[in-house]
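model22.tsv follows (TSV, C-alpha atoms):
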chain	number	residue	atom	x	y	z
A	7	MET	CA	-93.36	260.53	33.44
A	8	SER	CA	-92.54	261.83	36.88
A	9	GLN	CA	-92.04	265.58	37.12
A	10	VAL	CA	-89.29	266.92	39.34
A	11	ASN	CA	-89.66	270.16	41.24
A	12	GLY	CA	-86.96	272.79	41.50
A	13	SER	CA	-85.38	275.42	39.28
A	14	MET	CA	-83.33	272.97	37.24
A	15	ASP	CA	-84.72	271.92	33.84
A	16	PHE	CA	-84.68	268.25	34.77
A	17	LEU	CA	-86.58	266.97	31.75
A	18	SER	CA	-84.11	268.57	29.34
A	19	LEU	CA	-81.34	266.69	31.15
A	20	PHE	CA	-83.33	263.48	30.91
A	21	ALA	CA	-83.71	263.93	27.14
A	22	ARG	CA	-79.92	263.82	26.81
A	23	LEU	CA	-79.63	260.32	28.19
A	24	ASP	CA	-79.05	257.53	25.70
A	25	GLY	CA	-78.83	253.75	25.74
A	26	ALA	CA	-78.64	251.99	29.12
A	27	PRO	CA	-78.71	255.21	31.23
A	28	LEU	CA	-81.97	256.19	29.54
A	29	ASN	CA	-83.57	252.82	30.29
A	30	VAL	CA	-82.41	252.93	33.91
A	31	GLY	CA	-83.66	256.49	34.33
A	32	ILE	CA	-87.09	255.63	32.94
A	33	GLU	CA	-87.39	252.57	35.18
A	34	LEU	CA	-86.34	254.44	38.32
A	35	LEU	CA	-88.74	257.31	37.67
A	36	ALA	CA	-91.53	254.80	37.03
A	37	ILE	CA	-90.81	253.27	40.47
A	38	VAL	CA	-91.08	256.74	42.03
A	39	ASP	CA	-94.47	257.28	40.42
A	40	ALA	CA	-95.67	253.81	41.43
A	41	THR	CA	-94.81	254.33	45.10
A	42	ASP	CA	-95.87	257.99	45.44
A	43	ARG	CA	-99.21	257.32	47.13
A	44	ALA	CA	-97.78	254.80	49.57
A	45	TYR	CA	-94.85	257.09	50.38
A	46	ALA	CA	-97.14	260.04	51.03
A	47	ARG	CA	-99.11	257.93	53.50
A	48	ALA	CA	-95.91	256.67	55.13
A	49	LEU	CA	-94.69	260.26	55.57
A	50	GLU	CA	-98.02	261.22	57.08
A	51	TRP	CA	-97.64	258.45	59.65
A	52	ILE	CA	-94.00	259.42	60.32
A	53	CYS	CA	-94.86	263.09	60.91
A	54	ASN	CA	-97.73	262.14	63.24
A	55	GLN	CA	-95.68	259.66	65.25
A	56	PHE	CA	-92.58	261.82	65.60
A	57	GLU	CA	-94.44	265.15	65.80
A	58	LEU	CA	-92.68	266.58	62.73
A	59	THR	CA	-93.94	269.49	60.65
A	60	GLU	CA	-91.94	268.21	57.68
A	61	PHE	CA	-89.64	265.30	56.90
A	62	ARG	CA	-86.04	266.48	56.61
A	63	HIS	CA	-82.77	264.71	55.89
A	64	SER	CA	-81.80	264.87	59.56
A	65	ASP	CA	-84.90	262.77	60.32
A	66	VAL	CA	-84.18	259.94	57.85
A	67	ILE	CA	-81.66	257.87	59.82
A	68	PHE	CA	-83.37	258.65	63.14
A	69	VAL	CA	-86.79	257.45	61.92
A	70	GLN	CA	-85.38	254.29	60.35
A	71	HIS	CA	-83.44	253.46	63.51
A	72	GLN	CA	-86.43	254.05	65.79
A	73	CYS	CA	-88.72	251.88	63.64
A	74	LYS	CA	-86.23	249.01	63.70
A	75	LEU	CA	-85.69	249.46	67.44
A	76	ARG	CA	-89.40	249.40	68.17
A	77	ALA	CA	-89.89	246.31	66.00
A	78	GLU	CA	-87.20	244.48	67.95
A	79	ARG	CA	-88.45	245.58	71.37
A	80	GLU	CA	-92.10	244.77	70.80
A	81	PHE	CA	-91.95	241.75	68.53
A	82	GLY	CA	-88.41	240.36	68.58
A	83	ALA	CA	-88.74	238.02	71.57
A	84	GLY	CA	-89.92	235.09	69.43
A	85	PHE	CA	-86.96	235.29	67.06
A	86	THR	CA	-84.54	233.12	69.02
A	87	LEU	CA	-81.25	231.91	67.60
A	88	ALA	CA	-81.82	228.54	69.25
A	89	GLN	CA	-84.86	227.96	67.01
A	90	SER	CA	-83.57	229.69	63.88
A	91	LEU	CA	-82.26	226.56	62.14
A	92	ALA	CA	-85.48	224.64	62.82
A	93	ALA	CA	-87.53	227.57	61.52
A	94	LEU	CA	-85.34	227.72	58.43
A	95	LYS	CA	-85.69	224.04	57.62
A	96	SER	CA	-89.44	223.92	58.23
A	97	THR	CA	-89.86	226.97	55.97
A	98	LEU	CA	-87.95	225.26	53.17
A	99	ILE	CA	-90.04	222.11	53.52
A	100	TYR	CA	-93.26	224.14	53.48
A	101	LEU	CA	-92.15	225.86	50.28
A	102	GLY	CA	-91.51	222.51	48.62
A	103	LEU	CA	-87.71	222.68	48.90
A	104	GLU	CA	-87.30	219.49	50.93
A	105	GLY	CA	-84.04	218.53	49.25
A	106	ASP	CA	-82.50	221.86	50.13
A	107	ALA	CA	-83.76	221.58	53.71
A	108	HIS	CA	-82.12	218.18	54.13
A	109	SER	CA	-78.87	219.42	52.55
A	110	ILE	CA	-78.31	221.97	55.32
A	111	ARG	CA	-75.55	221.22	57.80
A	112	ALA	CA	-74.67	223.45	60.73
A	113	LEU	CA	-71.07	223.57	61.85
A	114	GLU	CA	-70.34	223.22	65.52
A	115	GLY	CA	-66.98	225.03	65.54
A	116	LYS	CA	-66.09	228.57	64.61
A	117	TYR	CA	-63.83	227.62	61.74
A	118	PHE	CA	-64.32	226.04	58.32
A	119	THR	CA	-61.81	223.19	58.48
A	120	PRO	CA	-60.29	221.13	55.63
A	121	GLU	CA	-62.53	218.27	56.79
A	122	ASP	CA	-65.57	220.50	56.35
A	123	GLN	CA	-64.44	221.46	52.86
A	124	LYS	CA	-63.93	217.80	51.97
A	125	SER	CA	-67.45	217.07	53.18
A	126	VAL	CA	-68.85	219.71	50.83
A	127	PHE	CA	-67.15	218.16	47.82
A	128	GLU	CA	-68.27	214.66	48.80
A	129	ARG	CA	-71.93	215.61	49.20
A	130	HIS	CA	-73.45	217.32	46.18
A	131	ARG	CA	-75.29	220.63	46.72
A	132	GLN	CA	-74.75	220.78	50.45
A	133	ILE	CA	-75.41	224.06	52.27
A	134	ILE	CA	-73.10	224.52	55.24
A	135	ILE	CA	-73.98	227.15	57.83
A	136	ARG	CA	-71.49	228.44	60.36
A	137	ASN	CA	-72.45	230.94	63.05
A	138	ARG	CA	-69.39	232.47	64.68
A	139	ARG	CA	-71.32	233.97	67.64
A	140	GLU	CA	-68.56	236.51	68.23
A	141	GLN	CA	-69.43	239.80	69.92
A	142	SER	CA	-68.85	242.71	67.54
A	143	GLU	CA	-70.33	246.07	66.58
A	144	LYS	CA	-73.02	244.48	64.44
A	145	GLN	CA	-74.31	241.15	63.18
A	146	PHE	CA	-73.53	240.21	59.59
A	147	GLY	CA	-73.40	237.39	57.08
A	148	GLU	CA	-72.06	236.33	53.69
A	149	CYS	CA	-72.42	233.39	51.34
A	150	HIS	CA	-69.62	231.65	49.42
A	151	ASP	CA	-70.32	229.52	46.37
A	152	PHE	CA	-68.45	226.24	45.86
A	153	ASP	CA	-69.06	225.95	42.12
A	154	LEU	CA	-71.19	222.86	41.46
A	155	THR	CA	-70.87	221.30	44.89
A	156	GLY	CA	-72.57	223.54	47.41
A	157	ALA	CA	-72.50	226.80	49.34
A	158	PHE	CA	-71.04	228.02	52.60
A	159	VAL	CA	-73.12	230.47	54.67
A	160	ASP	CA	-70.89	232.33	57.11
A	161	VAL	CA	-72.80	234.44	59.65
A	162	ASN	CA	-71.99	236.17	62.90
A	163	LEU	CA	-75.24	236.26	64.87
A	164	PHE	CA	-74.98	236.72	68.62
A	165	GLU	CA	-78.32	238.32	69.59
A	166	ASP	CA	-81.85	236.95	69.35
A	167	GLY	CA	-84.16	239.09	67.26
A	168	ILE	CA	-85.61	239.98	63.89
A	169	GLU	CA	-82.34	241.25	62.43
A	170	ALA	CA	-80.61	237.92	63.06
A	171	TYR	CA	-83.34	236.00	61.23
A	172	ARG	CA	-83.36	238.42	58.29
A	173	ILE	CA	-79.57	238.07	57.91
A	174	LEU	CA	-79.72	234.27	58.10
A	175	PHE	CA	-82.62	233.96	55.65
A	176	HIS	CA	-80.98	236.43	53.27
A	177	GLU	CA	-77.72	234.51	53.10
A	178	VAL	CA	-79.53	231.18	52.75
A	179	GLY	CA	-81.47	232.85	49.93
A	180	HIS	CA	-78.14	233.30	48.16
A	181	ALA	CA	-77.19	229.68	48.92
A	182	LEU	CA	-80.46	228.37	47.47
A	183	HIS	CA	-79.87	230.42	44.33
A	184	PHE	CA	-76.27	229.27	43.86
A	185	THR	CA	-76.86	225.56	44.57
A	186	ASN	CA	-79.83	225.36	42.18
A	187	ILE	CA	-78.10	226.94	39.18
A	188	ARG	CA	-77.95	224.56	36.24
A	189	ALA	CA	-76.03	226.62	33.68
A	190	LYS	CA	-74.52	224.58	30.86
A	191	TYR	CA	-71.12	226.21	31.29
A	192	ALA	CA	-69.60	226.48	34.76
A	193	THR	CA	-67.92	229.79	33.95
A	194	LEU	CA	-71.34	231.40	33.45
A	195	ARG	CA	-72.85	230.23	36.72
A	196	LEU	CA	-72.42	233.48	38.63
A	197	ASP	CA	-72.11	235.92	35.75
A	198	MET	CA	-75.07	237.94	37.04
A	199	PRO	CA	-75.43	241.57	38.09
A	200	ARG	CA	-75.25	242.12	41.83
A	201	PHE	CA	-78.70	243.70	42.04
A	202	PHE	CA	-80.26	240.54	40.59
A	203	THR	CA	-78.61	238.14	43.04
A	204	GLU	CA	-79.50	240.48	45.91
A	205	GLY	CA	-83.11	240.76	44.77
A	206	VAL	CA	-83.42	236.97	44.54
A	207	ALA	CA	-81.95	236.56	48.05
A	208	GLN	CA	-84.33	239.18	49.41
A	209	VAL	CA	-87.29	237.12	48.22
A	210	PHE	CA	-86.43	234.41	50.76
A	211	GLN	CA	-85.49	236.97	53.41
A	212	SER	CA	-88.87	238.70	53.03
A	213	LEU	CA	-90.68	235.58	54.26
A	214	THR	CA	-89.73	236.60	57.81
A	215	ILE	CA	-92.22	239.50	57.74
A	216	GLU	CA	-95.08	237.63	56.05
A	217	PRO	CA	-98.05	237.52	58.49
A	218	GLN	CA	-98.61	233.76	58.08
A	219	TRP	CA	-94.94	232.98	58.71
A	220	LEU	CA	-94.88	235.25	61.77
A	221	GLN	CA	-97.97	233.59	63.23
A	222	THR	CA	-96.58	230.09	62.66
A	223	HIS	CA	-92.96	230.52	63.71
A	224	VAL	CA	-93.00	233.45	66.12
A	225	GLY	CA	-96.52	233.31	67.56
A	226	LEU	CA	-97.55	236.86	66.65
A	227	THR	CA	-101.19	237.81	66.24
A	228	VAL	CA	-102.47	239.10	62.89
A	229	ASP	CA	-102.38	242.72	64.10
A	230	GLN	CA	-98.90	242.33	65.57
A	231	ALA	CA	-97.63	240.85	62.32
A	232	LYS	CA	-99.10	243.74	60.32
A	233	CYS	CA	-97.56	246.29	62.67
A	234	LEU	CA	-94.13	244.62	62.46
A	235	ARG	CA	-94.27	244.58	58.68
A	236	MET	CA	-95.28	248.25	58.59
A	237	LEU	CA	-92.41	249.33	60.83
A	238	LEU	CA	-89.89	247.57	58.59
A	239	ASP	CA	-91.60	248.77	55.40
A	240	VAL	CA	-91.21	252.38	56.57
A	241	THR	CA	-87.45	251.86	56.51
A	242	ASP	CA	-87.70	249.96	53.21
A	243	ILE	CA	-89.62	252.59	51.24
A	244	ILE	CA	-87.32	255.36	52.51
A	245	THR	CA	-84.29	253.29	51.46
A	246	LEU	CA	-85.83	252.65	48.03
A	247	ARG	CA	-86.61	256.27	47.23
A	248	ALA	CA	-83.38	257.64	48.73
A	249	ASN	CA	-81.34	255.34	46.51
A	250	ILE	CA	-83.36	256.28	43.43
A	251	ALA	CA	-82.55	259.93	44.12
A	252	PHE	CA	-78.88	258.96	44.57
A	253	ALA	CA	-78.84	256.89	41.36
A	254	LEU	CA	-80.38	259.63	39.22
A	255	PHE	CA	-78.01	262.17	40.72
A	256	GLU	CA	-75.02	260.00	39.77
A	257	THR	CA	-76.36	259.55	36.24
A	258	PHE	CA	-77.02	263.23	35.53
A	259	ALA	CA	-73.85	264.45	37.25
A	260	HIS	CA	-71.87	262.08	35.00
A	261	ILE	CA	-73.37	263.26	31.70
A	262	CYS	CA	-73.04	266.94	32.67
A	263	GLN	CA	-69.61	266.90	34.29
A	264	ASP	CA	-67.78	268.54	31.38
A	265	GLU	CA	-70.43	271.17	30.77
A	266	TRP	CA	-70.66	272.10	34.46
A	267	LYS	CA	-66.90	272.04	35.11
A	268	SER	CA	-66.62	275.78	35.78
A	269	GLN	CA	-69.69	275.89	38.05
A	270	TRP	CA	-69.98	272.30	39.18
A	271	GLU	CA	-70.61	272.98	42.89
A	272	GLY	CA	-73.65	275.19	42.30
A	273	LYS	CA	-75.09	272.96	39.57
A	274	TRP	CA	-74.64	269.76	41.56
A	275	ARG	CA	-76.38	271.33	44.56
A	276	GLU	CA	-79.22	272.50	42.34
A	277	LEU	CA	-79.58	269.05	40.79
A	278	TRP	CA	-79.57	267.30	44.18
A	279	LEU	CA	-82.18	269.74	45.55
A	280	SER	CA	-84.45	269.10	42.55
A	281	LEU	CA	-84.22	265.33	42.91
A	282	SER	CA	-84.44	265.06	46.69
A	283	SER	CA	-87.37	267.49	46.99
A	284	ARG	CA	-89.36	265.44	44.47
A	285	ILE	CA	-88.40	261.92	45.50
A	286	LEU	CA	-87.34	261.82	49.16
A	287	LEU	CA	-88.07	265.06	51.02
A	288	PRO	CA	-91.22	266.62	49.51
A	289	GLY	CA	-91.41	270.38	49.69
A	290	THR	CA	-87.81	270.93	50.78
A	291	SER	CA	-86.39	274.17	49.37
A	292	ASP	CA	-83.12	274.38	51.32
A	293	VAL	CA	-80.24	272.32	49.92
A	294	HIS	CA	-78.66	272.11	53.39
A	295	ALA	CA	-81.79	270.27	54.59
A	296	THR	CA	-81.38	267.58	51.93
A	297	GLY	CA	-78.20	266.00	53.23
A	298	TYR	CA	-76.11	266.94	50.24
A	299	ALA	CA	-72.85	266.69	52.17
A	300	ASP	CA	-73.76	263.28	53.59
A	301	TYR	CA	-74.61	262.04	50.12
A	302	MET	CA	-71.13	262.91	48.86
A	303	ASP	CA	-69.72	260.72	51.63
A	304	ARG	CA	-72.05	257.89	50.58
A	305	MET	CA	-70.67	257.96	47.04
A	306	MET	CA	-67.19	257.20	48.36
A	307	PHE	CA	-67.86	254.74	51.17
A	308	HIS	CA	-71.02	252.70	50.44
A	309	ASN	CA	-70.27	249.24	49.05
A	310	PHE	CA	-73.44	249.01	46.92
A	311	SER	CA	-74.29	251.39	44.10
A	312	ALA	CA	-77.56	253.26	44.56
A	313	THR	CA	-78.93	251.63	41.41
A	314	ASP	CA	-78.13	248.17	42.81
A	315	VAL	CA	-80.09	248.88	46.00
A	316	ALA	CA	-83.16	250.24	44.18
A	317	TYR	CA	-83.16	247.51	41.51
A	318	ALA	CA	-82.83	244.74	44.11
A	319	ILE	CA	-86.00	245.89	45.89
A	320	TRP	CA	-87.80	246.27	42.55
A	321	ILE	CA	-86.85	242.75	41.40
A	322	ARG	CA	-87.72	241.27	44.81
A	323	GLU	CA	-91.28	242.55	44.67
A	324	GLN	CA	-91.78	241.57	41.04
A	325	ILE	CA	-90.77	237.98	41.87
A	326	ARG	CA	-92.87	237.93	45.04
A	327	MET	CA	-95.97	239.15	43.20
A	328	PHE	CA	-95.47	236.47	40.54
A	329	ILE	CA	-95.10	233.73	43.17
A	330	LYS	CA	-98.22	234.89	45.02
A	331	ASP	CA	-100.23	234.97	41.79
A	332	LYS	CA	-99.16	231.41	40.97
A	333	CYS	CA	-99.04	229.79	44.43
A	334	GLY	CA	-101.23	231.95	46.65
A	335	ALA	CA	-100.45	234.46	49.38
A	336	LEU	CA	-98.85	231.76	51.54
A	337	TYR	CA	-96.29	230.68	48.88
A	338	THR	CA	-97.60	227.12	49.17
A	339	ASN	CA	-95.31	224.62	47.41
A	340	CYS	CA	-93.61	227.30	45.33
A	341	GLY	CA	-90.29	225.42	45.39
A	342	GLU	CA	-90.29	224.37	41.74
A	343	LEU	CA	-91.22	227.88	40.68
A	344	LEU	CA	-88.29	229.25	42.67
A	345	ARG	CA	-85.96	226.68	41.13
A	346	SER	CA	-87.03	227.75	37.64
A	347	ILE	CA	-85.88	231.28	38.54
A	348	TYR	CA	-82.62	230.00	40.05
A	349	ARG	CA	-81.64	227.57	37.28
A	350	PRO	CA	-80.33	229.82	34.46
A	351	GLY	CA	-77.73	231.55	36.64
A	352	GLY	CA	-75.61	233.76	34.42
A	353	SER	CA	-76.20	231.73	31.25
A	354	CYS	CA	-78.64	234.40	30.04
A	355	SER	CA	-79.36	238.00	30.95
A	356	TRP	CA	-81.23	238.55	34.22
A	357	ASP	CA	-84.31	240.01	32.51
A	358	ASN	CA	-84.47	237.05	30.11
A	359	ALA	CA	-84.14	234.66	33.05
A	360	LEU	CA	-87.25	236.24	34.56
A	361	SER	CA	-89.21	236.49	31.31
A	362	GLU	CA	-88.59	232.81	30.56
A	363	VAL	CA	-90.62	231.83	33.63
A	364	GLY	CA	-93.33	234.39	32.83
A	365	ILE	CA	-92.27	237.36	34.96
A	366	LYS	CA	-92.92	240.63	33.14
A	367	LEU	CA	-90.96	243.56	34.47
A	368	SER	CA	-93.18	246.38	35.67
A	369	THR	CA	-93.73	248.46	38.78
A	370	ALA	CA	-96.88	246.54	39.69
A	371	GLY	CA	-95.17	244.44	42.36
A	372	LEU	CA	-93.76	247.44	44.21
A	373	ARG	CA	-97.03	249.36	43.95
A	374	GLN	CA	-99.02	246.40	45.24
A	375	TYR	CA	-96.66	245.65	48.10
A	376	PHE	CA	-96.31	249.13	49.56
A	377	GLU	CA	-99.94	250.11	49.00
A	378	GLU	CA	-100.97	246.94	50.82
A	379	THR	CA	-98.90	248.11	53.78
A	380	PHE	CA	-99.70	251.81	53.86
A	381	LEU	CA	-103.07	252.20	52.12
A	382	THR	CA	-104.96	248.95	52.69
A	383	THR	CA	-103.87	248.32	56.28
A	384	ASP	CA	-105.08	250.59	59.09
A	385	ILE	CA	-101.69	252.03	59.95
A	386	GLY	CA	-103.21	253.90	62.86
A	387	MET	CA	-103.17	250.65	64.84
A	388	CYS	CA	-99.36	250.86	64.84
A	389	SER	CA	-99.28	254.14	66.74
A	390	TRP	CA	-96.34	254.77	69.03
A	391	LYS	CA	-96.84	253.80	72.64

Have the structure of the file written as structure tokens, please.
Amino acid sequence: MSQVNGSMDFLSLFARLDGAPLNVGIELLAIVDATDRAYARALEWICNQFELTEFRHSDVIFVQHQCKLRAEREFGAGFTLAQSLAALKSTLIYLGLEGDAHSIRALEGKYFTPEDQKSVFERHRQIIIRNRREQSEKQFGECHDFDLTGAFVDVNLFEDGIEAYRILFHEVGHALHFTNIRAKYATLRLDMPRFFTEGVAQVFQSLTIEPQWLQTHVGLTVDQAKCLRMLLDVTDIITLRANIAFALFETFAHICQDEWKSQWEGKWRELWLSLSSRILLPGTSDVHATGYADYMDRMMFHNFSATDVAYAIWIREQIRMFIKDKCGALYTNCGELLRSIYRPGGSCSWDNALSEVGIKLSTAGLRQYFEETFLTTDIGMCSWK
């Protein structure tokens, strides 16, 4: 089991967990161990590229932003909104989801009218996509389920680029999930934890950084595709490990809140330093360098729990590894396999839904994915220009 540095007796705290918190804690620490080697290599690349002597909290957001910015500037030209719907449909057909591809309808106007709603109910399992194209601070999307009749994907995408495609494919990933649920009882259709539905949607979203997809739909070379994936995976692995540190902090702070009542500030700082120095910011000994104050703001204002974020990435990679093992690295005709994952909906627990199709929960998918990016690929080829 992962050891955590710092003065706090972390393992004695861990021994006090029971039931669901214990299981979650074990799983999150296993993910840390599984991604340690890849994260160390990612940090080495980060420090070289940004000329850092160590990776501190103040660098986290800056590095993630710069990696996304570089990805857009160097590789985003081929991700045009004008071609996004065609790319989406051809991807679905390639995967063996022809029926879903033909069920997609794009709205011309900015509003979902009563006539549009009537159309959804008249045509079974229709996926309606509306792009508002309204200038705002950022692009976004959401998906609404219409029970047994279809789904409505509402996006606001106004700039060409990678981010627009990832938002569109993510929300359509939700729509594919919802419209393919075949639960016996309608009330159980969406009775699923948020991290599971997000992980399933991310599977479809992740196609947009697969080398073969990038070569076919965007015209990138093999090396360009690998570099793009690495830039986005830098942000992904930081997000994963940061949220694991957050989730464990929340868990331990909760079980110790009564005991630490008289000295809670000092104990919470000590706990956060122990977790962040082991998981996110190796070697950090100064609590002020770990972003403790910023984390407290995150607890109040972030709309996803830290556990949800970490679990969604974990589930995504476990499903992706299973699909690749069954259908090959190119996901050829994996449509029926995807449908078998979609079908149960909330009629059984999320882990049973995966085990019924043969997916065994482990950290192998995450280890394989990130080590492929940071240890197998020559990351030196993605040096900053």

A straight line from CA of Phe258 (chain A) to CA of Leu287 (chain A) spans 19.1 Å

Using only C-alpha atoms, determine which residues lie at most 9 Å from region 334-347 of chain A, disregarding the query and same-chain residues fewer than 3 positions distant; provide the list as a PyMOL selection string. chain A and resi 98-104+182-183+186-187+206+216+218-219+325-327+329-331+350-351+359-360+362-363

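Note that CA of Val178 (chain A) and CA of Gly105 (chain A) are 13.9 Å apart.
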
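CA of Ala248 (chain A) is positioned 13.3 Å from CA of Phe310 (chain A).
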
Pick out the residues sitting within 7 Å of region 83-97 of chain A, and hand them over as number ranges by chain; count only C-alpha atoms, and ignore anything fewer than 4 positions along from it in its own chain. A: 101, 107, 166-168, 171, 223-224

With only C-alpha atoms as the atoms that count, which of A:Ala312, A:Ile133, A:Ile32, A:Met198 lies nearest to Asn358 (chain A)?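 Once distances to Asn358 (chain A) are computed over only C-alpha atoms, the minimum belongs to A:Met198.
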
List the spatial neighbours of Glu143 (chain A) as JSON, numbers by chain - criterion: any atom at most 12 Å away, only C-alpha atoms, same-chain residues fewer than 4 positions off excluded. {"A": [162, 163, 164, 165]}

Just the selected residues (C-alpha atoms), exported as a PDB file, in the coordinates of the input, please.
ATOM      1  CA  ASN A 162     -71.990 236.170  62.900  1.00  0.00           C
ATOM      2  CA  LEU A 163     -75.240 236.260  64.870  1.00  0.00           C
ATOM      3  CA  PHE A 164     -74.980 236.720  68.620  1.00  0.00           C
ATOM      4  CA  GLU A 165     -78.320 238.320  69.590  1.00  0.00           C
TER       5      GLU A 165
END

Counting all atoms listed in the file, closest pick from A:Phe158, A:Phe210, A:Tyr191, A:Phe68 relative to Ile173 (chain A) is A:Phe210

Long-range neighbours of region 58-61 of chain A as JSON, numbers by chain, 8 Å cut-off, all atoms listed in the file, 4 positions minimum in chain: {"A": [49, 52, 53, 54, 65, 66, 287, 288]}

Find the residue from A:Gly147, A:Gly289, A:Gly371, A:Gly156 that sits nearest to Ile134 (chain A); use all atoms listed in the file when measuring. A:Gly156

Sel. within 7 Å of pt (-86.3, 258.6, 46.0), counting only C-alpha atoms, output as JSON, numbers by chain: {"A": [38, 246, 247, 248, 249, 250, 251, 282, 285, 286]}

Please determine, counting all atoms listed in the file, which residue among A:Ser355, A:Thr257, A:Ser389, A:Ser283 has the shortest atom-to-atom distance to Gly31 (chain A).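 Of A:Ser355, A:Thr257, A:Ser389, A:Ser283, the one nearest Gly31 (chain A) is A:Thr257, counting all atoms listed in the file.
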